[in-house]
file query.txt (compact mmCIF, C-alpha atoms)
# COMPACT_ATOMS: atom_id res chain seq x y z
CA MET V 23 -1.18 -23.48 -12.29
CA THR V 24 -3.20 -23.91 -9.12
CA ILE V 25 -2.72 -21.88 -5.98
CA LEU V 26 -0.68 -24.73 -4.50
CA ASP V 27 0.75 -26.47 -7.52
CA LYS V 28 3.93 -27.32 -5.60
CA ILE V 29 4.70 -27.38 -1.86
CA LEU V 30 8.24 -27.44 -0.48
CA PHE V 31 8.05 -29.60 2.62
CA ALA V 32 11.04 -28.73 4.83
CA GLN V 33 11.52 -31.61 7.25
CA ASP V 34 13.67 -31.28 10.38
CA PHE V 35 12.78 -34.78 11.69
CA ALA V 36 11.68 -33.36 15.04
CA SER V 37 9.10 -35.02 17.27
CA THR V 38 6.30 -33.43 15.20
CA SER V 39 7.52 -34.88 11.88
CA LYS V 40 4.71 -37.43 11.56
CA GLN V 41 2.18 -34.74 12.30
CA LEU V 42 3.73 -32.54 9.60
CA GLU V 43 3.54 -35.41 7.12
CA SER V 44 -0.18 -35.75 7.84
CA VAL V 45 -0.75 -32.02 7.29
CA ALA V 46 1.31 -32.07 4.08
CA ALA V 47 -0.69 -35.00 2.74
CA SER V 48 -4.03 -33.37 3.59
CA LEU V 49 -3.00 -30.06 2.05
CA ALA V 50 -1.70 -31.70 -1.14
CA SER V 51 -4.85 -33.82 -1.45
CA SER V 52 -7.08 -30.77 -1.06
CA PHE V 53 -5.29 -28.78 -3.78
CA ASN V 54 -3.96 -31.63 -5.95
CA SER V 55 -0.44 -30.42 -5.19
CA THR V 56 2.98 -31.95 -5.69
CA ILE V 57 5.20 -32.16 -2.61
CA VAL V 58 8.96 -31.69 -2.63
CA PRO V 59 10.48 -33.03 0.63
CA MET V 60 13.79 -31.56 1.73
CA HIS V 61 16.19 -31.54 4.63
CA VAL V 62 19.20 -29.35 5.40
CA LEU V 63 22.39 -30.76 6.89
CA PRO V 64 25.29 -28.79 8.38
CA ASP V 65 28.13 -28.02 5.98
CA ASP V 66 30.87 -27.86 8.62
CA ILE V 67 31.19 -31.56 9.54
CA VAL V 68 34.91 -32.42 9.45
CA ASN V 69 34.81 -36.14 10.20
CA PRO V 70 33.94 -37.96 6.92
CA LYS V 71 32.43 -40.93 8.79
CA VAL V 72 30.07 -38.64 10.69
CA LYS V 73 29.15 -36.85 7.46
CA ASP V 74 28.40 -40.15 5.72
CA LEU V 75 26.27 -41.26 8.67
CA LEU V 76 24.28 -38.02 8.60
CA ASP V 77 23.81 -38.30 4.85
CA ASP V 78 22.59 -41.89 5.12
CA THR V 79 20.23 -41.05 7.96
CA ALA V 80 18.77 -38.03 6.16
CA ASN V 81 18.27 -40.00 2.95
CA SER V 82 16.61 -42.82 4.85
CA ARG V 83 14.25 -40.47 6.69
CA LEU V 84 13.34 -38.61 3.50
CA GLU V 85 12.64 -41.90 1.73
CA ALA V 86 10.33 -42.88 4.58
CA THR V 87 8.57 -39.49 4.32
CA THR V 88 8.14 -40.00 0.57
CA LYS V 89 6.60 -43.45 1.05
CA THR V 90 4.20 -42.15 3.70
CA LEU V 91 3.02 -39.35 1.43
CA GLN V 92 2.67 -41.66 -1.56
CA GLN V 93 0.50 -43.98 0.53
CA SER V 94 -1.88 -41.03 0.81
CA ASN V 95 -2.01 -40.88 -3.00
CA VAL V 96 0.00 -37.67 -3.09
CA THR V 97 2.45 -36.87 -5.90
CA VAL V 98 5.96 -36.52 -4.49
CA GLU V 99 9.08 -35.30 -6.28
CA LYS V 100 12.56 -36.62 -5.54
CA PRO V 101 13.66 -35.52 -2.04
CA ILE V 102 16.31 -32.83 -1.78
CA ILE V 103 19.21 -32.64 0.66
CA LYS V 104 21.07 -29.35 1.00
CA TYR V 105 24.01 -28.30 3.13
CA GLY V 106 24.42 -25.03 5.01
CA THR V 107 22.24 -22.69 7.03
CA PRO V 108 18.70 -24.14 7.09
CA TYR V 109 16.72 -20.95 6.52
CA ASP V 110 18.94 -19.82 3.63
CA GLN V 111 18.84 -23.21 1.92
CA ILE V 112 15.07 -23.59 2.38
CA VAL V 113 14.32 -20.14 0.95
CA MET V 114 16.66 -20.64 -2.02
CA THR V 115 15.30 -24.12 -2.72
CA ALA V 116 11.72 -22.85 -2.70
CA SER V 117 12.66 -20.46 -5.49
CA SER V 118 14.72 -22.97 -7.46
CA VAL V 119 11.94 -25.61 -7.55
CA ASN V 120 9.28 -22.93 -8.15
CA ALA V 121 7.29 -23.86 -5.06
CA ASN V 122 4.08 -21.99 -4.29
CA MET V 123 4.42 -22.51 -0.55
CA ILE V 124 6.91 -23.59 2.11
CA LEU V 125 5.57 -25.94 4.78
CA VAL V 126 7.56 -26.06 8.03
CA GLY V 127 7.14 -26.91 11.70
CA SER V 128 7.12 -24.13 14.27
CA GLY V 129 10.46 -25.24 15.73
CA GLU V 130 11.67 -24.63 19.25
CA SER V 131 11.28 -21.15 20.74
CA ASN V 132 13.11 -19.55 23.61
CA ALA V 133 11.47 -19.82 27.01
CA GLY V 134 9.13 -16.94 27.77
CA GLU V 135 8.64 -15.81 24.18
CA LYS V 136 5.09 -14.74 23.38
CA PHE V 137 5.13 -16.11 19.84
CA LYS V 138 6.30 -19.71 19.87
CA LEU V 139 8.44 -19.91 16.76
CA GLY V 140 11.96 -21.23 16.50
CA THR V 141 14.76 -19.09 15.08
CA THR V 142 14.92 -20.97 11.77
CA THR V 143 11.18 -20.67 11.19
CA LYS V 144 11.21 -16.95 12.01
CA ARG V 145 13.99 -16.31 9.53
CA ILE V 146 12.30 -18.32 6.80
CA ILE V 147 9.20 -16.15 7.20
CA GLN V 148 11.29 -12.96 7.19
CA ARG V 149 13.36 -13.87 4.12
CA SER V 150 11.01 -15.84 1.92
CA GLU V 151 9.18 -14.34 -1.03
CA LYS V 152 6.97 -17.44 -0.98
CA PRO V 153 4.05 -17.94 1.42
CA VAL V 154 5.06 -19.94 4.50
CA MET V 155 2.69 -22.23 6.37
CA VAL V 156 3.84 -22.98 9.91
CA ILE V 157 2.43 -25.98 11.73
CA LYS V 158 2.63 -25.92 15.51
CA GLU V 159 2.75 -28.95 17.73
CA ASP V 160 -0.61 -30.71 18.08
CA SER V 161 -2.04 -28.74 15.13
CA ASN V 162 -3.82 -30.27 12.16
CA LEU V 163 -5.45 -29.07 8.96
CA ASN V 164 -8.90 -28.55 10.45
CA VAL V 165 -9.18 -25.01 9.08
CA LYS V 166 -12.27 -23.55 10.72
CA THR V 167 -11.36 -19.87 10.82
CA ILE V 168 -8.99 -17.83 8.65
CA LEU V 169 -7.77 -14.39 9.71
CA CYS V 170 -6.62 -12.23 6.80
CA PRO V 171 -5.16 -8.84 7.79
CA VAL V 172 -5.20 -6.26 4.97
CA ASP V 173 -3.61 -2.84 4.55
CA PHE V 174 -5.20 -2.13 1.13
CA SER V 175 -1.93 -2.70 -0.74
CA SER V 176 -1.53 -4.94 -3.81
CA PRO V 177 0.20 -7.68 -1.75
CA SER V 178 -2.66 -7.70 0.76
CA GLU V 179 -5.14 -7.92 -2.10
CA ARG V 180 -3.34 -11.02 -3.37
CA ALA V 181 -3.29 -12.42 0.17
CA LEU V 182 -7.03 -11.93 0.48
CA LYS V 183 -7.67 -13.66 -2.85
CA ASN V 184 -5.66 -16.65 -1.62
CA ALA V 185 -7.49 -16.59 1.71
CA LEU V 186 -10.78 -16.71 -0.19
CA ILE V 187 -9.64 -19.79 -2.10
CA PHE V 188 -8.75 -21.50 1.19
CA ALA V 189 -12.02 -20.41 2.81
CA ARG V 190 -14.08 -21.82 -0.06
CA ARG V 191 -12.07 -25.05 -0.23
CA PHE V 192 -12.26 -25.74 3.52
CA LYS V 193 -15.65 -24.07 4.09
CA SER V 194 -13.99 -21.88 6.72
CA GLU V 195 -15.10 -18.64 8.29
CA LEU V 196 -13.02 -15.74 6.96
CA ILE V 197 -12.27 -12.70 9.11
CA ILE V 198 -10.94 -9.73 7.14
CA LEU V 199 -9.08 -7.48 9.54
CA SER V 200 -7.74 -3.99 9.05
CA VAL V 201 -6.11 -1.79 11.69
CA SER V 202 -6.13 2.00 11.74
CA GLU V 203 -2.84 3.18 13.22
CA LEU V 204 -3.08 5.66 16.07
CA THR V 205 -0.88 8.70 16.18
CA THR V 206 0.86 9.57 19.42
CA SER V 207 2.58 12.69 18.11
CA SER V 208 3.63 15.25 20.71
CA TRP V 209 2.67 18.06 18.29
CA PHE V 210 -0.88 17.99 19.58
CA THR V 211 -1.42 20.52 22.34
CA SER V 212 -4.25 18.67 24.07
CA GLU V 213 -5.60 15.19 24.59
CA GLU V 214 -8.84 16.30 22.94
CA ASP V 215 -7.07 17.32 19.74
CA LEU V 216 -5.17 14.04 19.68
CA ALA V 217 -8.37 12.05 20.19
CA GLU V 218 -10.10 13.98 17.40
CA GLU V 219 -7.18 13.31 15.02
CA ASN V 220 -7.35 9.59 15.70
CA LYS V 221 -11.13 9.63 15.28
CA GLN V 222 -10.77 11.22 11.85
CA ARG V 223 -8.03 8.74 10.94
CA ALA V 224 -10.32 5.84 11.83
CA LYS V 225 -13.13 7.35 9.75
CA ALA V 226 -10.89 7.75 6.69
CA HIS V 227 -9.55 4.24 7.24
CA ALA V 228 -13.08 2.79 7.28
CA LYS V 229 -13.78 4.49 3.92
CA GLN V 230 -10.60 2.93 2.48
CA PHE V 231 -11.75 -0.44 3.80
CA ASP V 232 -15.12 -0.01 2.05
CA ASP V 233 -13.44 0.85 -1.24
CA PHE V 234 -10.99 -2.05 -0.92
CA LEU V 235 -13.73 -4.63 -0.37
CA LYS V 236 -15.77 -3.39 -3.35
CA ASN V 237 -13.21 -4.97 -5.67
CA VAL V 238 -13.26 -8.38 -3.96
CA ASN V 239 -15.55 -11.27 -4.90
CA LEU V 240 -16.85 -12.55 -1.55
CA GLU V 241 -19.64 -14.66 -2.99
CA GLY V 242 -20.08 -18.05 -1.34
CA VAL V 243 -17.85 -17.23 1.63
CA ASN V 244 -18.88 -16.94 5.27
CA TRP V 245 -16.98 -13.77 6.12
CA THR V 246 -16.94 -10.93 8.58
CA ARG V 247 -15.22 -7.57 8.59
CA GLU V 248 -13.19 -6.52 11.61
CA GLU V 249 -11.83 -3.01 12.23
CA ARG V 250 -9.43 -2.13 15.01
CA SER V 251 -7.32 0.85 16.02
CA GLY V 252 -3.79 0.67 17.39
CA ASN V 253 -0.54 -1.03 16.46
CA PRO V 254 -1.18 -3.35 13.46
CA ALA V 255 1.54 -5.77 14.53
CA LEU V 256 -0.14 -6.34 17.88

call {"tool": "encode", "arguments": {"input": "query.txt", "output": "structure tokens"}}
result
Amino acid sequence: MTILDKILFAQDFASTSKQLESVAASLASSFNSTIVPMHVLPDDIVNPKVKDLLDDTANSRLEATTKTLQQSNVTVEKPIIKYGTPYDQIVMTASSVNANMILVGSGESNAGEKFKLGTTTKRIIQRSEKPVMVIKEDSNLNVKTILCPVDFSSPSERALKNALIFARRFKSELIILSVSELTTSSWFTSEEDLAEENKQRAKAHAKQFDDFLKNVNLEGVNWTREERSGNPAL
């Protein structure tokens, strides 16, 4: 099995749908992947005529997506329509079809939010055991730089191995980032003691970083190592 043997392509038929189709085709072509298109419809439609209309429209749009992908010489499985909460159905379907990745659009975010992700996309990322690739509006698959944060755990080791595969395939620059968390504990009696503690933490963290990278094959990759101190999430 390849790293991207199968991609679940969750379509919402938004304005960026054509762009998503292009990214899906490029990604599948690069990794010789199979694409499974899907769409989720609401399960609370009472009027049977409205339900039939939604079903017909969704089927028609998924058929069009399938034809577009096939024209790019991409293998496409039979489209899937599910009913219910989109993020739940997408996550469950990814597991049931044994997808290696979920491909989604960024969705619509609330005004003023720093990270422009819609609610559905956020919840897919939070709940999915599968990797999720999010495509924002006006984005394409021109992968020039890959940022791979690591915390020296087994999951981050697997993430780095996948990042290396992508970096080699797309000839991208890879930045391996690790963040040493700062303590702000009130137990320290002076600013000097607190600063010294964080200095020692950063030193120990750098040693862990060294040891972590010793076990990684970085041959043939244009990569750099980046160390920061602070809140890893930020």

call {"tool": "closest_residue", "arguments": {"input": "query.txt", "among": "V:Gln230, V:Asn95, V:Ser150, V:Thr141", "to": "V:Val172", "atoms": "all atoms listed in the file"}}
result
V:Gln230

call {"tool": "residues_near_point", "arguments": {"input": "query.txt", "point": "(7.5, -16.7, -1.7)", "cutoff": "9 Å", "atoms": "all atoms listed in the file", "output": "ChimeraX atom specification"}}
result
/V:113,116-117,121-124,149-154

call {"tool": "atom_distance", "arguments": {"input": "query.txt", "atom1": "atom CA of V:Ala185", "atom2": "atom CA of V:Asp233"}}
result
18.7 Å

call {"tool": "residues_around", "arguments": {"input": "query.txt", "residues": "stretch 60-69 of chain V", "least_positions_apart": "4", "cutoff": "7 Å", "atoms": "only C-alpha atoms", "output": "list in words"}}
result
Phe31, Ala32, Gln33, Asp34, Lys73, Pro101, Ile102, Ile103, Lys104, Tyr105, Gly106, Thr107 and Pro108 of chain V

call {"tool": "closest_residue", "arguments": {"input": "query.txt", "among": "V:Ser178, V:Gln92, V:Gln111, V:Asn220", "to": "V:Arg250", "atoms": "all atoms listed in the file"}}
result
V:Asn220

call {"tool": "atom_distance", "arguments": {"input": "query.txt", "atom1": "atom CA of V:Leu163", "atom2": "atom CA of V:Ala46"}}
result
8.9 Å

call {"tool": "closest_residue", "arguments": {"input": "query.txt", "among": "V:Leu75, V:Ile198, V:Ile146, V:Met155", "to": "V:Leu49", "atoms": "all atoms listed in the file"}}
result
V:Met155

call {"tool": "closest_residue", "arguments": {"input": "query.txt", "among": "V:Leu139, V:Ala36, V:Ile29, V:Met114", "to": "V:Ala50", "atoms": "all atoms listed in the file"}}
result
V:Ile29

call {"tool": "closest_residue", "arguments": {"input": "query.txt", "among": "V:Leu182, V:Ile168, V:Leu125, V:Leu240", "to": "V:Thr143", "atoms": "all atoms listed in the file"}}
result
V:Leu125

call {"tool": "atom_distance", "arguments": {"input": "query.txt", "atom1": "atom CA of V:Gly140", "atom2": "atom CA of V:Leu169"}}
result
22.0 Å

call {"tool": "closest_residue", "arguments": {"input": "query.txt", "among": "V:Leu42, V:Ile57, V:Leu84, V:Leu204", "to": "V:Ile157", "atoms": "all atoms listed in the file"}}
result
V:Leu42

call {"tool": "residues_around", "arguments": {"input": "query.txt", "residues": "V:Glu43", "least_positions_apart": "2", "cutoff": "8 Å", "atoms": "all atoms listed in the file", "output": "list in words"}}
result
Ser39, Lys40, Gln41, Val45, Ala46, Ala47, Thr87, Thr90 and Leu91 of chain V

call {"tool": "residues_around", "arguments": {"input": "query.txt", "residues": "V:Ser175", "least_positions_apart": "5", "cutoff": "12 Å", "atoms": "all atoms listed in the file", "output": "list in words"}}
result
Arg180, Ala181, Leu182, Ser200, Gln230, Phe231, Phe234 and Leu235 of chain V

call {"tool": "residues_around", "arguments": {"input": "query.txt", "residues": "V:Lys221", "least_positions_apart": "2", "cutoff": "12 Å", "atoms": "all atoms listed in the file", "output": "PyMOL selection string"}}
result
chain V and resi 202-205+214-219+223-228+250-252

call {"tool": "residues_around", "arguments": {"input": "query.txt", "residues": "V:Asn164", "least_positions_apart": "3", "cutoff": "12 Å", "atoms": "only C-alpha atoms", "output": "list in words"}}
result
Ser44, Val45, Ser48, Leu49, Ser52, Ile157, Asp160, Ser161, Thr167, Ile168, Phe188, Ala189, Arg191, Phe192, Lys193, Ser194 and Glu195 of chain V

call {"tool": "build_atoms", "arguments": {"input": "query.txt", "residues": "stretch 137-148 of chain V", "atoms": "all heavy atoms", "output": "JSON list (two decimals), in the coordinates of the input"}}
result
[["chain", "number", "residue", "atom", "x", "y", "z"],
["V", 137, "PHE", "N", 5.44, -15.41, 21.08],
["V", 137, "PHE", "CA", 5.13, -16.11, 19.84],
["V", 137, "PHE", "C", 6.06, -17.30, 19.71],
["V", 137, "PHE", "O", 7.27, -17.14, 19.58],
["V", 137, "PHE", "CB", 5.25, -15.16, 18.65],
["V", 137, "PHE", "CG", 4.31, -13.98, 18.75],
["V", 137, "PHE", "CD1", 4.80, -12.73, 19.10],
["V", 137, "PHE", "CD2", 2.96, -14.14, 18.53],
["V", 137, "PHE", "CE1", 3.94, -11.65, 19.22],
["V", 137, "PHE", "CE2", 2.10, -13.06, 18.63],
["V", 137, "PHE", "CZ", 2.58, -11.81, 18.99],
["V", 138, "LYS", "N", 5.51, -18.49, 19.75],
["V", 138, "LYS", "CA", 6.30, -19.71, 19.87],
["V", 138, "LYS", "C", 6.81, -20.19, 18.52],
["V", 138, "LYS", "O", 6.30, -21.14, 17.94],
["V", 138, "LYS", "CB", 5.47, -20.79, 20.56],
["V", 138, "LYS", "CG", 4.89, -20.37, 21.90],
["V", 138, "LYS", "CD", 6.00, -20.04, 22.90],
["V", 138, "LYS", "CE", 5.42, -19.72, 24.27],
["V", 138, "LYS", "NZ", 6.47, -19.40, 25.25],
["V", 139, "LEU", "N", 7.81, -19.50, 18.00],
["V", 139, "LEU", "CA", 8.44, -19.91, 16.76],
["V", 139, "LEU", "C", 9.94, -20.04, 16.98],
["V", 139, "LEU", "O", 10.55, -19.19, 17.64],
["V", 139, "LEU", "CB", 8.19, -18.90, 15.64],
["V", 139, "LEU", "CG", 6.76, -18.75, 15.12],
["V", 139, "LEU", "CD1", 6.70, -17.69, 14.04],
["V", 139, "LEU", "CD2", 6.23, -20.07, 14.58],
["V", 140, "GLY", "N", 10.53, -21.08, 16.42],
["V", 140, "GLY", "CA", 11.96, -21.23, 16.50],
["V", 140, "GLY", "C", 12.67, -20.23, 15.61],
["V", 140, "GLY", "O", 12.08, -19.63, 14.72],
["V", 141, "THR", "N", 13.97, -20.07, 15.83],
["V", 141, "THR", "CA", 14.76, -19.09, 15.08],
["V", 141, "THR", "C", 14.73, -19.37, 13.58],
["V", 141, "THR", "O", 14.56, -18.46, 12.77],
["V", 141, "THR", "CB", 16.21, -19.09, 15.57],
["V", 141, "THR", "OG1", 16.22, -18.76, 16.96],
["V", 141, "THR", "CG2", 17.04, -18.09, 14.81],
["V", 142, "THR", "N", 14.90, -20.64, 13.20],
["V", 142, "THR", "CA", 14.92, -20.97, 11.77],
["V", 142, "THR", "C", 13.59, -20.61, 11.11],
["V", 142, "THR", "O", 13.57, -20.00, 10.03],
["V", 142, "THR", "CB", 15.21, -22.47, 11.58],
["V", 142, "THR", "OG1", 16.54, -22.75, 12.03],
["V", 142, "THR", "CG2", 15.09, -22.86, 10.11],
["V", 143, "THR", "N", 12.50, -20.97, 11.76],
["V", 143, "THR", "CA", 11.18, -20.67, 11.19],
["V", 143, "THR", "C", 10.96, -19.18, 11.06],
["V", 143, "THR", "O", 10.44, -18.69, 10.05],
["V", 143, "THR", "CB", 10.07, -21.31, 12.05],
["V", 143, "THR", "OG1", 10.29, -22.72, 12.13],
["V", 143, "THR", "CG2", 8.71, -21.05, 11.45],
["V", 144, "LYS", "N", 11.34, -18.41, 12.07],
["V", 144, "LYS", "CA", 11.21, -16.95, 12.01],
["V", 144, "LYS", "C", 11.95, -16.39, 10.80],
["V", 144, "LYS", "O", 11.44, -15.54, 10.06],
["V", 144, "LYS", "CB", 11.78, -16.32, 13.28],
["V", 144, "LYS", "CG", 10.93, -16.44, 14.51],
["V", 144, "LYS", "CD", 11.63, -15.73, 15.66],
["V", 144, "LYS", "CE", 10.92, -15.92, 16.98],
["V", 144, "LYS", "NZ", 11.66, -15.28, 18.10],
["V", 145, "ARG", "N", 13.17, -16.87, 10.60],
["V", 145, "ARG", "CA", 13.99, -16.31, 9.53],
["V", 145, "ARG", "C", 13.49, -16.74, 8.16],
["V", 145, "ARG", "O", 13.64, -16.00, 7.18],
["V", 145, "ARG", "CB", 15.44, -16.70, 9.75],
["V", 145, "ARG", "CG", 16.03, -15.96, 10.95],
["V", 145, "ARG", "CD", 17.48, -16.30, 11.20],
["V", 145, "ARG", "NE", 18.00, -15.50, 12.31],
["V", 145, "ARG", "CZ", 19.19, -15.66, 12.86],
["V", 145, "ARG", "NH1", 20.01, -16.61, 12.40],
["V", 145, "ARG", "NH2", 19.60, -14.89, 13.85],
["V", 146, "ILE", "N", 12.91, -17.92, 8.06],
["V", 146, "ILE", "CA", 12.30, -18.32, 6.80],
["V", 146, "ILE", "C", 11.17, -17.37, 6.45],
["V", 146, "ILE", "O", 11.06, -16.89, 5.31],
["V", 146, "ILE", "CB", 11.77, -19.77, 6.88],
["V", 146, "ILE", "CG1", 12.93, -20.76, 6.99],
["V", 146, "ILE", "CG2", 10.92, -20.10, 5.65],
["V", 146, "ILE", "CD1", 12.50, -22.18, 7.30],
["V", 147, "ILE", "N", 10.32, -17.07, 7.43],
["V", 147, "ILE", "CA", 9.20, -16.15, 7.20],
["V", 147, "ILE", "C", 9.71, -14.77, 6.80],
["V", 147, "ILE", "O", 9.18, -14.13, 5.87],
["V", 147, "ILE", "CB", 8.33, -16.05, 8.47],
["V", 147, "ILE", "CG1", 7.65, -17.39, 8.75],
["V", 147, "ILE", "CG2", 7.29, -14.95, 8.34],
["V", 147, "ILE", "CD1", 6.96, -17.47, 10.10],
["V", 148, "GLN", "N", 10.75, -14.29, 7.46],
["V", 148, "GLN", "CA", 11.29, -12.96, 7.19],
["V", 148, "GLN", "C", 11.92, -12.86, 5.80],
["V", 148, "GLN", "O", 11.83, -11.83, 5.14],
["V", 148, "GLN", "CB", 12.32, -12.58, 8.25],
["V", 148, "GLN", "CG", 11.72, -12.35, 9.63],
["V", 148, "GLN", "CD", 12.77, -12.30, 10.73],
["V", 148, "GLN", "OE1", 13.94, -12.63, 10.49],
["V", 148, "GLN", "NE2", 12.38, -11.87, 11.91]]
